[in-house]
Amino acid sequence: ICVRYFQTCGNVHVLKPNYVCFFGYPSFKYSHPHHFLKTTAALRGQVVQFKLSDIGEGIREVTVKEWYVKEGDTVSQFDSICEVQSDKASVTITSRYDGVIKKLYYNLDDIAYVGKPLVDIETEALKDSEEDVVETPAVSHDEHTHQEIKGRKTLATPAVRRLAMENNIKLSEVVGSGKDGRILKEDILNYLEKQTGAILPPSPKVEIMPPPPKPKDMTVPILVSKPPVFTGKDKTEPIKGFQKAMVKTMSAALKIPHFGYCDEIDLTELVKLREELKPIAFARGIKLSFMPFFLKAKQQMNPKGNRMMARKMPRKVKQSCSPPTLQTGQPPTTTIELAASLGLLQFPILNASVDENCQNITYKASHNIGIAMDTEQGLIVPNVKNVQICSIFDIATELNRLQKLGSVGQLGTTDLTGGTFTLSNIGSIGGTFAKPVIMPPEVAIGALGSIKAIPRFNQKGEVYKAQIMNVSWSADHRVIDGATMSRFSNLWKSYLENPAFMLLDLK
Amino acid sequence: MLIPFSMKNCFQLLCNCQIPAAGFKKTVKNGLILQSVSNDVYQNLAVEDWIHDHMNLEGKPVLFFWRNSPSVVIGRHQNPWQECNLNLMREEGIKLARRRSGGGTVYHDMGNINLTFFTTKKKYDRMENLKLIVRALNAVQPQLDVQATKRFDLLLDGQFKISGTASKIGRTTAYHHCTLLCSTDGTFLSSLLKSPYQGIRSNATASIPSLVKNLLEKDPTLTCEVLMNAVATEYAAYHQIDNHIHLINPKDETLFPGINSKAKELQTWEWIYGKTPKFSINTSFHVLYEQSHLEIKVFIDIKNGRIEICNIEAPDHWLPLEIRDKLNSSLIGSKFCPTETTMLTNILLRTCPQDHKLNSKWNILCEKIKGIM
C-alpha cells in the first residue's frame, strides 16, 4: 500500500515556487489527521533476474573473481555488482536496476555464463523516500487502499527523485527512458544538459524549509524538505595487527606504578654549540640534531668512573657519503641522547630492568637508548646501542641511519630490541609537557617538549632570549624514588645547559 | 610530432557529465593520441582509470603512450607473493602496482613502452589493435618478423615475446593495453618475476612465463622514440586523425579532475596487497640454534592480505607453548607484511618474560616468518 505526497495548489505559500512537483494533481483528502506515514518495503516490488549480458568478442563464459555486493544489499543503477575475468580481460558488471540483491547465482571462482542469470534484484516499485517521513501511528487500512491519484503516475526511485529535487526539476517534465516510462538517473542528467547547455555535476543542496502548517481542515499534507541531517554512521571494526599488540603492551605497561617529574631546560648554550658543530657534521655527511647531546648527557653522569664494561663490541657505525634527507619534523636528538647516557652512568638504576613480578632487578651494562619514532605504521622505538662508548658524532650517525630506515619501514629486529631507556621527542610534533608511558621491561622514560624561544633573566638580571625545552620523566615507582629521578634530571639538565661540562666527562 | 598542447579544450569535448565544460570551442577530430610526461606507474594507471571513467569515447577512440620507472605490475586478480620476488623488490626500491585490468605480471622500466587503446565497449577489439602495432613495426622495419598470437601476445621471430596484453571492460567503455619491449633490462626482469615463496596455494590468476627479447637487440634503430612515433603514425592513419602526440601531465587536476585521488587509491596497501584473492601458505623452514636443527612448520591462511588463520609450529622444548600461542593469536588480523610484523612482534616481546635466551629465540623465529612475507 502506498502513500503519496501531494501538493495542494492552494496551500503552497510556505513553499518555494520552483519546488519539485511530484504530482500535478491535488484534491486528496485524508480523513485521518496524520500527514506522513512510513511506507513498507514489500510493496509491489518485483524480483528481476539480472542476466549476464554480452561482453563482446564472442565470449561465452567468464570466471567470477570478486563480488561487490551480497544478498540483502541495496544497489542503485550503475553500481558495480561484480568483477569477472575472461582471458586477460577484467570486466566490471554494473547493475541495470535500483533495488535489493536477493540472490547471487555464483560463488567466487565459479564460471558464469553469458545470457544466464547472475543475480536476482528486487526492484523498488514506487516506494517513497523515507527521509521525508515522520513516523506516526499506523493508519487504518481503509484510508490507504484507494490512494492512487488520477492521472499520470511518475515512476522514479528515491535516488532519482532526490537528484531531481536538488536540481529543481519537475519530474513530470522529464521523459523517462526506463521500463514503463520510468525516469532514470540518465534522464535527469540529459534533461539538465539540455537546460543549461553544459553538464554540471549535481550539487547536493540541503534546503531548510519551515515545517508544514497543521491543516485544521484536514487538507492535503504538503511535502517539505528535510532539515540538514547528518547521515554518518558509526563504524565498528576489530582491533587487529600492530594495534592489538600495542593494546597488550600498553596494558602491561600500566601495571607499573608511574610517577612523573617535569622540568625546564635552557638550551641556549646548546643551540649555539650545535650551530658551530652542524657544518662539520654536515661535511661528514651527517645531520646533527640535539638528540645525540641529550643521549650522551644521560650517560655521562658518573664521576666515580663506574666502568661497566659493555658486553657487546661497539656497532660499526656506517658513514654515509651523501647527506641523508630527514623528514621535516624529525627530532633534533643527538645531544640529548649523549647527555642522557652520561647521566645514566651516575644513576644506573634508571637503566635497569625488572622482571614480571618485580622480584629481581637487572642493571644493564649497555646504554641502549631508544628513540620513539612516529611512522606510517605506528609507534616504533629503535635504539642506539652502547651510547656510553659513542661520541656525539657516532650517535648522530646512528640516529640518521635509524631515522632513514624508519621512514621506509625497514628497521630490523636488532635495531628494535635490547633497549634499556627511552626518549620520546614528541616536541618535534608539538607540546610542552607530557605523561609518557614506560616501555616494559624498562623502568624510566623521558618525553621532550618542543623548543620555544621565551624571555628569561640571566645572572645579571637582564632579559635575554632563551631557548627553552620542557622534559617530562616517568619512572617506575617500585624501584625508583622521586629524589633519584630529580637528581638525575638535574644532572642531565646541567650537562645540557652547560655543554662544556660534558666535554669534561666524555670518555 | 610531440606538441605540448593545452588539452583543456580538447578534453572537455570528450568528457561526459562529470566534468564542468567550458563550452565547445573547437571541432574535434575523431580521436586523440596522448603521451604521459610522468614515469610514475601509479599516476599513469590513474590516467587510464580516469579516461575509462570519465571520457565519452563514442566515435572518438584514444591511444595513450606511457613509460614507467622500474616497477612490477600485477594483474587485477593476481597474488604478488606468487608472482614476484617481493624481498628483492624492497631491497632494490622497485615499486609494486596492481592494475585494474586482468592478465599476468609484467616488469616495466624506461625501455618498455605501454600502449593503451581506449574505445567504446562495442568497438573493443584487441586483435585489431595488435595488427595495427605489427603494421607500424613493419613500416619502420619491413624485415621484422612479428606476429600476434591467439593469446594476444606479440612474438618476434616466432619465439620471443615482445608484448603482452591485458584489458578492462566497463559499462560503456573498454581499454586494451599492452607492453612493447624495446630496451628493457632482461636479466633484472627475470630475477624480479621469479617468486622465492614456497608452499602457496591460491586460485589467483597465474602468469605464464615466456622467453622475452628486446626489439633493440634485434635492430638498433628501433628505439622507444622511433617505435612510439611509428605506432602513432599508423593509428592516426587508421582513424584518420591528426598525427599529433599530445603530452599530458597526470598530476594536472584541471585537466583530470579527481585524478590525484585515483592515483592515491592505487598506492594504498589495501589495493595493492589487500585485493589478493584468498590464499594459504603451507611451508616449513629450518632454524639453527646452538648447533641443533629445528624444524618450524607454518600454516597461514590469508584473506584480503591479512592473516586469517595462523599456525606456527615450533618444538615445545624450544619455545614454550604459551609464547607460541601468543605469537599465533597476535598475528591474526595483522597484515601479511614484514613491516607490520616487525613492529607487532617487537612490541609484543615486551610482554614476554625477560629472558635473554627466550628473546633471541623469539627474534630468530620472527625473522624467519618475515622472510616468507
# chains A, B, ... in the order shown; residues from 1 in each chain; ligands from 1
>>> interface_residues(of="chain A", to="chain B", cutoff="7 Å", atoms="only C-alpha atoms", output="ChimeraX atom specification")
/A:85,88-94,198-201,240-242,245-246,249,252,355-356,377,380,409-410,413,416-417,440-441
>>> select_by_dssp(residues="region 70-246 of chain B", states="strand (DSSP E)", output="PyMOL selection string")
chain B and resi 71-74+95-98+106-108+112-120+146-148+154-156+160-163+165-169+173-181+200-202+245-246
>>> residues_around(residues="Val471 (chain A)", least_positions_apart="3", cutoff="9 Å", atoms="only C-alpha atoms", output="JSON, numbers by chain")
{"A": [261, 262, 263, 264, 265, 432, 433, 434, 446, 447, 448, 449, 489]}
>>> write_last_selection(atoms="all heavy atoms", output="PDB file, in the first residue's frame")
ATOM      1  N   TYR A 261      57.839  13.459  36.656  1.00  0.00           N
ATOM      2  CA  TYR A 261      58.681  14.562  37.136  1.00  0.00           C
ATOM      3  C   TYR A 261      59.000  15.421  35.936  1.00  0.00           C
ATOM      4  O   TYR A 261      59.503  14.930  34.927  1.00  0.00           O
ATOM      5  CB  TYR A 261      59.959  13.992  37.774  1.00  0.00           C
ATOM      6  CG  TYR A 261      60.922  15.046  38.262  1.00  0.00           C
ATOM      7  CD1 TYR A 261      60.849  15.525  39.569  1.00  0.00           C
ATOM      8  CD2 TYR A 261      61.889  15.581  37.410  1.00  0.00           C
ATOM      9  CE1 TYR A 261      61.727  16.501  40.023  1.00  0.00           C
ATOM     10  CE2 TYR A 261      62.766  16.565  37.853  1.00  0.00           C
ATOM     11  CZ  TYR A 261      62.688  17.020  39.166  1.00  0.00           C
ATOM     12  OH  TYR A 261      63.549  17.989  39.612  1.00  0.00           O
ATOM     13  N   CYS A 262      58.714  16.697  36.044  1.00  0.00           N
ATOM     14  CA  CYS A 262      58.947  17.582  34.905  1.00  0.00           C
ATOM     15  C   CYS A 262      59.911  18.701  35.238  1.00  0.00           C
ATOM     16  O   CYS A 262      60.050  19.086  36.393  1.00  0.00           O
ATOM     17  CB  CYS A 262      57.622  18.198  34.453  1.00  0.00           C
ATOM     18  SG  CYS A 262      56.381  16.976  34.075  1.00  0.00           S
ATOM     19  N   ASP A 263      60.565  19.212  34.199  1.00  0.00           N
ATOM     20  CA  ASP A 263      61.486  20.323  34.431  1.00  0.00           C
ATOM     21  C   ASP A 263      61.663  21.107  33.142  1.00  0.00           C
ATOM     22  O   ASP A 263      61.257  20.668  32.055  1.00  0.00           O
ATOM     23  CB  ASP A 263      62.839  19.809  34.939  1.00  0.00           C
ATOM     24  CG  ASP A 263      63.589  20.845  35.749  1.00  0.00           C
ATOM     25  OD1 ASP A 263      63.144  22.024  35.772  1.00  0.00           O
ATOM     26  OD2 ASP A 263      64.617  20.491  36.356  1.00  0.00           O
ATOM     27  N   GLU A 264      62.309  22.256  33.295  1.00  0.00           N
ATOM     28  CA  GLU A 264      62.513  23.140  32.160  1.00  0.00           C
ATOM     29  C   GLU A 264      64.024  23.239  31.932  1.00  0.00           C
ATOM     30  O   GLU A 264      64.795  23.448  32.866  1.00  0.00           O
ATOM     31  CB  GLU A 264      61.943  24.509  32.550  1.00  0.00           C
ATOM     32  CG  GLU A 264      62.042  25.553  31.483  1.00  0.00           C
ATOM     33  CD  GLU A 264      61.619  26.907  32.035  1.00  0.00           C
ATOM     34  OE1 GLU A 264      60.394  27.141  32.045  1.00  0.00           O
ATOM     35  OE2 GLU A 264      62.482  27.696  32.447  1.00  0.00           O
ATOM     36  N   ILE A 265      64.443  23.077  30.673  1.00  0.00           N
ATOM     37  CA  ILE A 265      65.879  23.126  30.358  1.00  0.00           C
ATOM     38  C   ILE A 265      66.147  24.326  29.454  1.00  0.00           C
ATOM     39  O   ILE A 265      65.455  24.538  28.463  1.00  0.00           O
ATOM     40  CB  ILE A 265      66.335  21.861  29.581  1.00  0.00           C
ATOM     41  CG1 ILE A 265      65.643  20.597  30.090  1.00  0.00           C
ATOM     42  CG2 ILE A 265      67.851  21.754  29.585  1.00  0.00           C
ATOM     43  CD1 ILE A 265      66.176  20.042  31.355  1.00  0.00           C
ATOM     44  N   THR A 432      54.390  20.617  25.190  1.00  0.00           N
ATOM     45  CA  THR A 432      55.365  21.038  26.190  1.00  0.00           C
ATOM     46  C   THR A 432      55.582  19.916  27.197  1.00  0.00           C
ATOM     47  O   THR A 432      56.626  19.287  27.240  1.00  0.00           O
ATOM     48  CB  THR A 432      54.878  22.302  26.927  1.00  0.00           C
ATOM     49  OG1 THR A 432      53.531  22.100  27.327  1.00  0.00           O
ATOM     50  CG2 THR A 432      54.980  23.525  26.052  1.00  0.00           C
ATOM     51  N   PHE A 433      54.562  19.675  28.001  1.00  0.00           N
ATOM     52  CA  PHE A 433      54.677  18.618  28.994  1.00  0.00           C
ATOM     53  C   PHE A 433      53.877  17.411  28.535  1.00  0.00           C
ATOM     54  O   PHE A 433      52.893  17.529  27.830  1.00  0.00           O
ATOM     55  CB  PHE A 433      54.143  19.099  30.347  1.00  0.00           C
ATOM     56  CG  PHE A 433      54.956  20.220  30.917  1.00  0.00           C
ATOM     57  CD1 PHE A 433      54.532  21.539  30.805  1.00  0.00           C
ATOM     58  CD2 PHE A 433      56.157  19.960  31.558  1.00  0.00           C
ATOM     59  CE1 PHE A 433      55.288  22.577  31.324  1.00  0.00           C
ATOM     60  CE2 PHE A 433      56.924  20.996  32.077  1.00  0.00           C
ATOM     61  CZ  PHE A 433      56.488  22.313  31.962  1.00  0.00           C
ATOM     62  N   ALA A 434      54.324  16.266  28.990  1.00  0.00           N
ATOM     63  CA  ALA A 434      53.627  15.039  28.601  1.00  0.00           C
ATOM     64  C   ALA A 434      53.641  14.086  29.774  1.00  0.00           C
ATOM     65  O   ALA A 434      54.247  14.364  30.804  1.00  0.00           O
ATOM     66  CB  ALA A 434      54.314  14.417  27.405  1.00  0.00           C
ATOM     67  N   GLY A 446      61.588   9.399  29.086  1.00  0.00           N
ATOM     68  CA  GLY A 446      61.514  10.859  29.086  1.00  0.00           C
ATOM     69  C   GLY A 446      60.853  11.366  27.825  1.00  0.00           C
ATOM     70  O   GLY A 446      61.088  10.845  26.744  1.00  0.00           O
ATOM     71  N   ALA A 447      60.002  12.368  28.002  1.00  0.00           N
ATOM     72  CA  ALA A 447      59.350  12.981  26.833  1.00  0.00           C
ATOM     73  C   ALA A 447      59.829  14.416  26.724  1.00  0.00           C
ATOM     74  O   ALA A 447      59.780  15.179  27.691  1.00  0.00           O
ATOM     75  CB  ALA A 447      57.836  12.943  26.990  1.00  0.00           C
ATOM     76  N   LEU A 448      60.303  14.779  25.533  1.00  0.00           N
ATOM     77  CA  LEU A 448      60.860  16.103  25.328  1.00  0.00           C
ATOM     78  C   LEU A 448      59.860  16.975  24.603  1.00  0.00           C
ATOM     79  O   LEU A 448      59.342  16.597  23.558  1.00  0.00           O
ATOM     80  CB  LEU A 448      62.136  15.991  24.480  1.00  0.00           C
ATOM     81  CG  LEU A 448      63.136  14.949  24.979  1.00  0.00           C
ATOM     82  CD1 LEU A 448      64.203  14.703  23.935  1.00  0.00           C
ATOM     83  CD2 LEU A 448      63.764  15.406  26.287  1.00  0.00           C
ATOM     84  N   GLY A 449      59.594  18.131  25.165  1.00  0.00           N
ATOM     85  CA  GLY A 449      58.672  19.052  24.519  1.00  0.00           C
ATOM     86  C   GLY A 449      59.372  19.830  23.436  1.00  0.00           C
ATOM     87  O   GLY A 449      60.559  19.661  23.179  1.00  0.00           O
ATOM     88  N   SER A 489      67.694  14.137  36.781  1.00  0.00           N
ATOM     89  CA  SER A 489      67.224  15.180  35.879  1.00  0.00           C
ATOM     90  C   SER A 489      68.051  16.450  36.007  1.00  0.00           C
ATOM     91  O   SER A 489      68.389  17.107  35.023  1.00  0.00           O
ATOM     92  CB  SER A 489      65.745  15.476  36.151  1.00  0.00           C
ATOM     93  OG  SER A 489      65.248  16.438  35.244  1.00  0.00           O
TER      94      SER A 489
END
>>> atom_distance(atom1="CA of Val287 (chain B)", atom2="CA of Ile323 (chain B)")
17.2 Å
>>> residues_around(residues="region 136-138 of chain B", least_positions_apart="2", cutoff="6 Å", atoms="only C-alpha atoms", output="PDB file with N, CA and C atoms, in the first residue's frame")
ATOM      1  N   ILE B 133      49.751  -2.479 -34.476  1.00  0.00           N
ATOM      2  CA  ILE B 133      51.121  -2.375 -33.963  1.00  0.00           C
ATOM      3  C   ILE B 133      52.082  -3.088 -34.923  1.00  0.00           C
ATOM      4  N   VAL B 134      51.665  -4.249 -35.384  1.00  0.00           N
ATOM      5  CA  VAL B 134      52.523  -5.023 -36.302  1.00  0.00           C
ATOM      6  C   VAL B 134      52.768  -4.230 -37.589  1.00  0.00           C
ATOM      7  N   VAL B 140      58.419   0.564 -40.118  1.00  0.00           N
ATOM      8  CA  VAL B 140      59.767   1.029 -39.776  1.00  0.00           C
ATOM      9  C   VAL B 140      60.818   0.028 -40.272  1.00  0.00           C
ATOM     10  N   GLN B 141      60.509  -1.234 -40.090  1.00  0.00           N
ATOM     11  CA  GLN B 141      61.483  -2.274 -40.406  1.00  0.00           C
ATOM     12  C   GLN B 141      60.739  -3.420 -41.086  1.00  0.00           C
ATOM     13  N   PRO B 142      60.658  -3.361 -42.414  1.00  0.00           N
ATOM     14  CA  PRO B 142      59.863  -4.368 -43.139  1.00  0.00           C
ATOM     15  C   PRO B 142      60.340  -5.806 -42.937  1.00  0.00           C
ATOM     16  N   ALA B 230      56.108   5.544 -34.706  1.00  0.00           N
ATOM     17  CA  ALA B 230      55.595   4.635 -35.734  1.00  0.00           C
ATOM     18  C   ALA B 230      54.163   4.216 -35.425  1.00  0.00           C
ATOM     19  N   VAL B 231      53.921   3.840 -34.183  1.00  0.00           N
ATOM     20  CA  VAL B 231      52.566   3.404 -33.807  1.00  0.00           C
ATOM     21  C   VAL B 231      51.595   4.573 -33.907  1.00  0.00           C
ATOM     22  N   GLU B 234      50.656   5.177 -37.524  1.00  0.00           N
ATOM     23  CA  GLU B 234      49.744   4.149 -38.016  1.00  0.00           C
ATOM     24  C   GLU B 234      48.335   4.352 -37.459  1.00  0.00           C
TER      25      GLU B 234
END
>>> closest_residue(among="A:Thr334, A:Gln467, A:Gln49, A:Gln459", to="Leu118 (chain A)", atoms="only C-alpha atoms")
A:Gln49
>>> atom_distance(atom1="CA of Leu491 (chain A)", atom2="CA of Val384 (chain A)")
21.2 Å
>>> select_by_dssp(residues="region 245-446 of chain A", states="helix (DSSP H, G or I)", output="ChimeraX atom specification")
/A:245-253,268-283,291-299,336-346,348-351,387-389,392-407,413-416,426-428
>>> residues_around(residues="Glu275 (chain A)", least_positions_apart="5", cutoff="10 Å", atoms="only C-alpha atoms", output="list in words")
Glu269, Leu270, Ile280, Leu288 and Ser289 of chain A
>>> closest_residue(among="A:Lys298, A:Lys465, A:Arg401, A:Lys102", to="Leu350 (chain A)", atoms="only C-alpha atoms")
A:Lys298
>>> decode(residues="region 365-393 of chain A", atoms="N, CA, C and O atoms", output="compact mmCIF listing (two decimals), in the first residue's frame")
# COMPACT_ATOMS: atom_id res chain seq x y z
N ALA A 365 74.25 -3.19 31.55
CA ALA A 365 75.55 -2.57 31.33
C ALA A 365 75.54 -1.60 30.16
O ALA A 365 76.12 -0.52 30.21
N SER A 366 74.86 -2.02 29.10
CA SER A 366 74.84 -1.15 27.92
C SER A 366 73.77 -0.10 28.04
O SER A 366 72.69 -0.37 28.55
N HIS A 367 74.10 1.06 27.57
CA HIS A 367 73.06 2.10 27.49
C HIS A 367 72.52 2.09 26.07
O HIS A 367 73.06 2.73 25.16
N ASN A 368 71.47 1.31 25.89
CA ASN A 368 70.85 1.27 24.56
C ASN A 368 69.64 2.17 24.59
O ASN A 368 68.55 1.78 25.00
N ILE A 369 69.87 3.39 24.20
CA ILE A 369 68.81 4.39 24.40
C ILE A 369 67.89 4.44 23.19
O ILE A 369 68.32 4.68 22.06
N GLY A 370 66.65 4.18 23.45
CA GLY A 370 65.64 4.15 22.40
C GLY A 370 65.08 5.52 22.10
O GLY A 370 64.95 6.35 22.98
N ILE A 371 64.78 5.72 20.82
CA ILE A 371 64.14 6.97 20.42
C ILE A 371 62.80 6.62 19.83
O ILE A 371 62.71 5.92 18.83
N ALA A 372 61.74 7.10 20.45
CA ALA A 372 60.40 6.80 19.94
C ALA A 372 60.19 7.55 18.62
O ALA A 372 60.46 8.74 18.53
N MET A 373 59.73 6.81 17.61
CA MET A 373 59.52 7.43 16.29
C MET A 373 58.10 7.22 15.84
O MET A 373 57.55 6.14 16.04
N ASP A 374 57.60 8.20 15.19
CA ASP A 374 56.26 8.05 14.64
C ASP A 374 56.38 7.73 13.15
O ASP A 374 56.94 8.50 12.40
N THR A 375 55.92 6.56 12.76
CA THR A 375 55.97 6.20 11.34
C THR A 375 54.56 5.99 10.83
O THR A 375 53.60 6.00 11.58
N GLU A 376 54.49 5.75 9.53
CA GLU A 376 53.18 5.49 8.91
C GLU A 376 52.46 4.33 9.57
O GLU A 376 51.26 4.31 9.67
N GLN A 377 53.25 3.34 9.96
CA GLN A 377 52.64 2.13 10.54
C GLN A 377 52.29 2.31 12.00
O GLN A 377 51.52 1.55 12.55
N GLY A 378 52.90 3.29 12.62
CA GLY A 378 52.62 3.48 14.03
C GLY A 378 53.87 3.82 14.81
O GLY A 378 54.89 4.23 14.26
N LEU A 379 53.80 3.61 16.13
CA LEU A 379 54.91 3.94 17.00
C LEU A 379 55.98 2.88 16.93
O LEU A 379 55.71 1.70 17.05
N ILE A 380 57.21 3.33 16.76
CA ILE A 380 58.31 2.37 16.68
C ILE A 380 59.46 2.94 17.52
O ILE A 380 59.66 4.15 17.55
N VAL A 381 60.17 2.08 18.24
CA VAL A 381 61.23 2.59 19.13
C VAL A 381 62.56 1.90 18.85
O VAL A 381 62.94 0.97 19.57
N PRO A 382 63.30 2.35 17.85
CA PRO A 382 64.63 1.78 17.64
C PRO A 382 65.59 2.36 18.67
O PRO A 382 65.33 3.43 19.22
N ASN A 383 66.66 1.65 18.96
CA ASN A 383 67.58 2.20 19.95
C ASN A 383 69.01 2.27 19.42
O ASN A 383 69.41 1.51 18.55
N VAL A 384 69.72 3.24 19.99
CA VAL A 384 71.14 3.40 19.68
C VAL A 384 71.90 2.56 20.69
O VAL A 384 71.78 2.78 21.90
N LYS A 385 72.71 1.63 20.19
CA LYS A 385 73.38 0.71 21.11
C LYS A 385 74.63 1.34 21.72
O LYS A 385 75.38 2.05 21.05
N ASN A 386 74.82 1.05 22.99
CA ASN A 386 76.07 1.43 23.67
C ASN A 386 76.43 2.89 23.54
O ASN A 386 77.55 3.25 23.15
N VAL A 387 75.49 3.72 23.90
CA VAL A 387 75.75 5.16 23.84
C VAL A 387 76.94 5.52 24.73
O VAL A 387 77.61 6.52 24.51
N GLN A 388 77.18 4.67 25.73
CA GLN A 388 78.24 5.01 26.69
C GLN A 388 79.62 5.03 26.06
O GLN A 388 80.55 5.63 26.58
N ILE A 389 79.78 4.36 24.94
CA ILE A 389 81.10 4.43 24.31
C ILE A 389 81.05 5.15 22.96
O ILE A 389 82.00 5.09 22.18
N CYS A 390 79.95 5.84 22.73
CA CYS A 390 79.85 6.57 21.48
C CYS A 390 80.18 8.03 21.65
O CYS A 390 79.90 8.63 22.68
N SER A 391 80.76 8.58 20.59
CA SER A 391 80.96 10.03 20.59
C SER A 391 79.67 10.67 20.07
O SER A 391 78.78 9.98 19.58
N ILE A 392 79.65 11.99 20.17
CA ILE A 392 78.46 12.70 19.66
C ILE A 392 78.25 12.36 18.19
O ILE A 392 77.14 12.12 17.73
N PHE A 393 79.36 12.33 17.48
CA PHE A 393 79.26 12.07 16.05
C PHE A 393 78.74 10.67 15.77
O PHE A 393 77.93 10.44 14.88
